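K.L.:
Here it is, the structure in full.
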Amino acid sequence: MQQKNTNDNSVNEDSAALSRKALQHFKDGRLQQARDVCQHILQKQQYPGAILILGWIAHQQRELDMAVERYQQYLGFKPEDAEAHFTLGLALKELGQTQKSIKCFERALSLRPDYIDARIKLAQVLGELGRAEEALVHLEKVVDLKPDDTQAHISLAVTLRELGHAELSIARLEQHLSLKPKCGELYYHIAMLSPKQELVSAVEKLIGDPGLPNRDVVYCHLALGNIFQGGKSFDQAFGHFQKANMRYRETYSYNPRETTRFVDRLIDVYCERFFQRKREVVTASQLPVFILGMPRSGSTLVEQIVSSHDLVHGAGEIEAIPTITQTIAQQLESANPYPECMSLFDGEMVKEYSARYLQELRLHSSTATRITDKMPGNFFRVGFIKALFPDARIIHCQRNPLDICISIFLNFFPDLKWSFELTELGNYYLDYQRLMSHWQSLFPGEIFDVQYEDLVMD
């Protein structure tokens, strides 16, 4: 018996040493080496550290189902690990399993009440579900725990604004600005709410600081753009918006030809022949109503009008369809990338993923007859949506192209890489227009067009 304990200790020590080696590989970005070491460990014993690292690797490579499986396996050994509950929650949220992710974040906080990242993420998810009052409680707690966390103060101010407390929101931002006078993002959010001319000199002085980080320079130009726009000095405003966009555009790479090629591939794959073959693979639910189009095309107004009906609930922008598309692409990518892999999309997958999406919708309302999803970028996914829900309503929001593009350019959408240079923005709009023409020809009479100008004139 003593010999067995000695052997067990030796195996544990070896596994611990190898796990540290795998962790270093992971930190240095050598994911395959890290995976190889972890799998070697698991051939000898179910060592929790190796299982967790495999979860991190899967998560980083967007293999979300595998990441969830590994995190859950690890928590079977280490149920009191708050960080593991948090990372499991992140993976579940990215999979569109929002209710499960909330439980994970709550579990992490029950184990570590001062876990700021978990509290911020929980507040964000609650906010997305329209539970702003609950989100506010958590953000107030974060600010109490970490009063110098600028992003927490900004999130708190945004939530207050959403709840209709604009003056209080400004007061909280100005209070934090007194502690962080060189934070361009604080000036930006204040200017969005109250574009006061007296801010100009302070922001211009801040831009003149040669040591100011590029991120703050961008936000300062955006703040000035909003202030001058509020004062109807449109030429000055546009100049600052151009400078902000130019500075931000320098921080990343983007090739508009890739978007054009992707649209070409979508048109090739989602053709009449595709839907003839898939016609028997359908979901009868009419619960979802998809409101889509370019950003700034009036989708929020359309959702407000539609959801004013007693039987309709407006759920806002839901990430579930993009997430499900990505998950399916990973599941089928052994054959071809998305969208070509959709040739393998079968009835079982329709059942699984349509049920997952409907479950996500029901988190927003358990009683509504229709629930709206107004993710504008779902215009890329009309073919996929029709493959899952052929009877779902689709509302396409349209607006004058110049108004749309200028409105996008004057607003700050960090994730829309095509929106910071006017030629690239125009190219993207043409690709959008071409793709929507394809969907209209493929599904005649099944996509309801709403023209923004006509809507606001009525």
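Each chain in the structure tokens gets a letter, A, B and so on, in the order shown; residues start at 1 in every chain, and ligands are counted from 1 in the order they appear.
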For Gly230 in chain A, list every protein, DNA or RNA residue within 9 Å, evaluated using only C-alpha atoms, and leave out those in the same chain fewer than 6 positions away; present the list as a list in words.

P.N.:
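Near Gly230 in chain A, the qualifying residues are Ser194, Pro195, Lys196, Gln197 and Ala237 of chain A.
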
K.L.:
Produce a file of the selected residues containing C-alpha atoms, as a PDB file, in the first residue's frame.

P.N.:
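Output (part-v3.pdb):
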```pdb
ATOM      1  CA  SER A 194     -24.744  66.892 -23.025  1.00  0.00           C
ATOM      2  CA  PRO A 195     -22.645  68.498 -25.822  1.00  0.00           C
ATOM      3  CA  LYS A 196     -21.748  71.626 -23.857  1.00  0.00           C
ATOM      4  CA  GLN A 197     -19.519  74.193 -25.588  1.00  0.00           C
ATOM      5  CA  ALA A 237     -17.754  68.578 -36.366  1.00  0.00           C
TER       6      ALA A 237
END
```

K.L.:
Just list the residues in range 157-391 of chain A DSSP gives helix (DSSP H, G or I) on the backbone, as a ChimeraX atom specification.

P.N.:
/A:157-162,166-177,184-193,197-207,214-230,234-249,256-269,272-277,299-306,320-332,340-344,347-362,376-388

K.L.:
Mind checking which residues fall within 12 Å of range 210-214 of chain A, counting only C-alpha atoms, ignoring those fewer than 5 positions away in the same chain, and posting them as a list in words?

P.N.:
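My list of contacting residues is Pro181, Lys182, Cys183, Gly184, Glu185, Val203, Glu204, Lys205, Tyr219, Cys220, His221, Lys243, Ala244, Asn245, Met246, Arg247, Tyr248, Arg249, Glu250 and Thr251 of chain A.
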
K.L.:
May I ask for the distance between CA of Gln60 in chain A and CA of Leu344 in chain A, given in Å to one decimal place?

P.N.:
25.2 Å

K.L.:
Given the choices A:His364, A:His25, A:Arg70, A:His396, which gets closest to Gly130 in chain A if the distance is worked out from only C-alpha atoms?

P.N.:
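For Gly130 in chain A, the nearest of the candidates is A:His364.
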
K.L.:
Using only C-alpha atoms, which residue out of A:Asp346, A:Glu80, A:Asp144, A:Glu167 lies closest to Leu332 in chain A?

P.N.:
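Checking each of A:Asp346, A:Glu80, A:Asp144, A:Glu167 against Leu332 in chain A, counting only C-alpha atoms, the winner is A:Asp346.
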
K.L.:
Do a neighbour search on Ser365 in chain A at 10 Å with only C-alpha atoms, toss out local chain neighbours closer than 2 positions, and write the hits as number ranges by chain.

P.N.:
A: 129, 312-315, 360-363, 367-371

K.L.:
Could you check how far CA of Tyr254 in chain A sits from CA of Phe380 in chain A, in Å to one decimal?

P.N.:
18.0 Å

K.L.:
Would you list the contacts of Leu179 in chain A as a list of chain:residue names, taking every protein, DNA or RNA residue within 12 Å and counting only C-alpha atoms, but skipping same-chain residues closer than 6 positions in sequence?

P.N.:
A:Pro147, A:Asp148, A:Asp149, A:Thr150, A:His153, A:Arg172, A:Leu173, A:Leu186

K.L.:
My list of candidates is A:Gln99, A:Asn226, A:Gln433, A:Ser366. Which is closest to Asn411 in chain A when distances are computed with only C-alpha atoms?

P.N.:
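When distances to Asn411 in chain A are compared using only C-alpha atoms, the smallest one comes from A:Asn226.
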
K.L.:
Env of range 285-301 of chain A: 6 Å cut, atoms = only C-alpha atoms, seq-sep filter 5 positions within chain, self excluded. Answer as a ChimeraX atom specification.

P.N.:
/A:370-376,378-379,391-399,404,452

K.L.:
Which residue is closest to Leu410 in chain A? Choose from A:Met457, A:Ala223, A:Ile321, A:Ala284 and count only C-alpha atoms.

P.N.:
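Selected residue with least distance to Leu410 in chain A: A:Ala223.
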
K.L.:
Using only C-alpha atoms for the distances, tell me which of A:Leu75, A:Leu95, A:Leu222, A:Ala58 is nearest to Arg107 in chain A.

P.N.:
A:Leu75

K.L.:
Between A:Lys44, A:Ala16, A:Leu442, A:Leu455, which residue has the minimum interatomic distance to Ile305 in chain A, considering only C-alpha atoms?

P.N.:
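Going through A:Lys44, A:Ala16, A:Leu442, A:Leu455 one by one, the smallest distance to Ile305 in chain A is for A:Leu455.
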
K.L.:
For Leu126 in chain A, please output as a ChimeraX atom specification all residues within 12 Å (counting only C-alpha atoms; exclusion window: fewer than 2 positions along the same chain).

P.N.:
/A:93,98-99,101-103,105-106,119-124,128-139,159,363-364

K.L.:
Have a look at CA of Asp28 in chain A and CA of Glu83 in chain A and let me know their distance in Å, one decimal.

P.N.:
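Computing it gives 20.7 Å between the two atoms.
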